[in-house]
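Data block below; observations after.
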Amino acid sequence: MMLAETTVFVVFFGLFVIGLLAFIVAVFAMVLRVIKWTMRGLFGGGHEHPAIRRAKAARFVKGRVQCSNSGCGYLNRPEARYCGGCGRALAPARKDVDAYG
């Protein structure tokens with residue numbers, strides 16, 4: 001009888017400790033995030049809109065043509081003649097030429 005009570009106690013205590021550790025890790029992560037936001041607010045950086053960051057990161061998507069308008073940056077299909085975001089005329093696509101012309 002005593003063995004069963006001890007086992008139940010150990011299991012519940014173990015679950016309690018695991019839950020407590022998970023809670024501490026979550027609180028620590030939130031504190032770090034608040035510190036990061038505070039530092040960005042005080043010292044600048046990272047203030048671009050997420051859509052602008054995505055557009056900058058997507059510049060290198062193969063086959064896409066990015067609008068040259070500084071306020072747009074829309075990624076257009078390769079065959080597009082006008083920007084799908086702002087309507088500006090896109091530069092004609094250059095043909096890639098290999099080493100032999």
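Residue numbering restarts at 1 in every chain; chains get A, B, ... in the order shown in the structure tokens, and ligands count up from 1 in that same order.
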
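Near A:Arg81, within 12 Å and counting only C-alpha atoms, sit Val65, Gln66, Cys67, Gly87, Arg88, Ala89, Leu90, Ala91, Pro92 and Ala93 of chain A, not including residues fewer than 6 positions from it in the same chain.
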
Save the residues we just selected, C-alpha atoms, as a CSV table (one decimal), in the first residue's frame?
```csv
chain,number,residue,atom,x,y,z
A,65,VAL,CA,10.5,40.8,-61.7
A,66,GLN,CA,10.4,43.4,-58.9
A,67,CYS,CA,8.9,46.8,-59.5
A,87,GLY,CA,0.6,50.0,-62.7
A,88,ARG,CA,4.1,51.4,-63.6
A,89,ALA,CA,5.6,50.1,-66.8
A,90,LEU,CA,8.3,47.5,-66.2
A,91,ALA,CA,11.6,47.4,-68.0
A,92,PRO,CA,11.6,44.9,-70.8
A,93,ALA,CA,13.1,41.6,-69.8
```

Atom CA of A:Ser70 to atom CA of A:Gly85 measures 11.9 Å

What separates atom CA of A:Ala80 and atom CA of A:Arg64 is a distance of 9.5 Å

Query raised in the report: atom CA of A:Pro50 and atom CA of A:Tyr74 are how many Å apart?
Result: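 So the answer is 13.6 Å.
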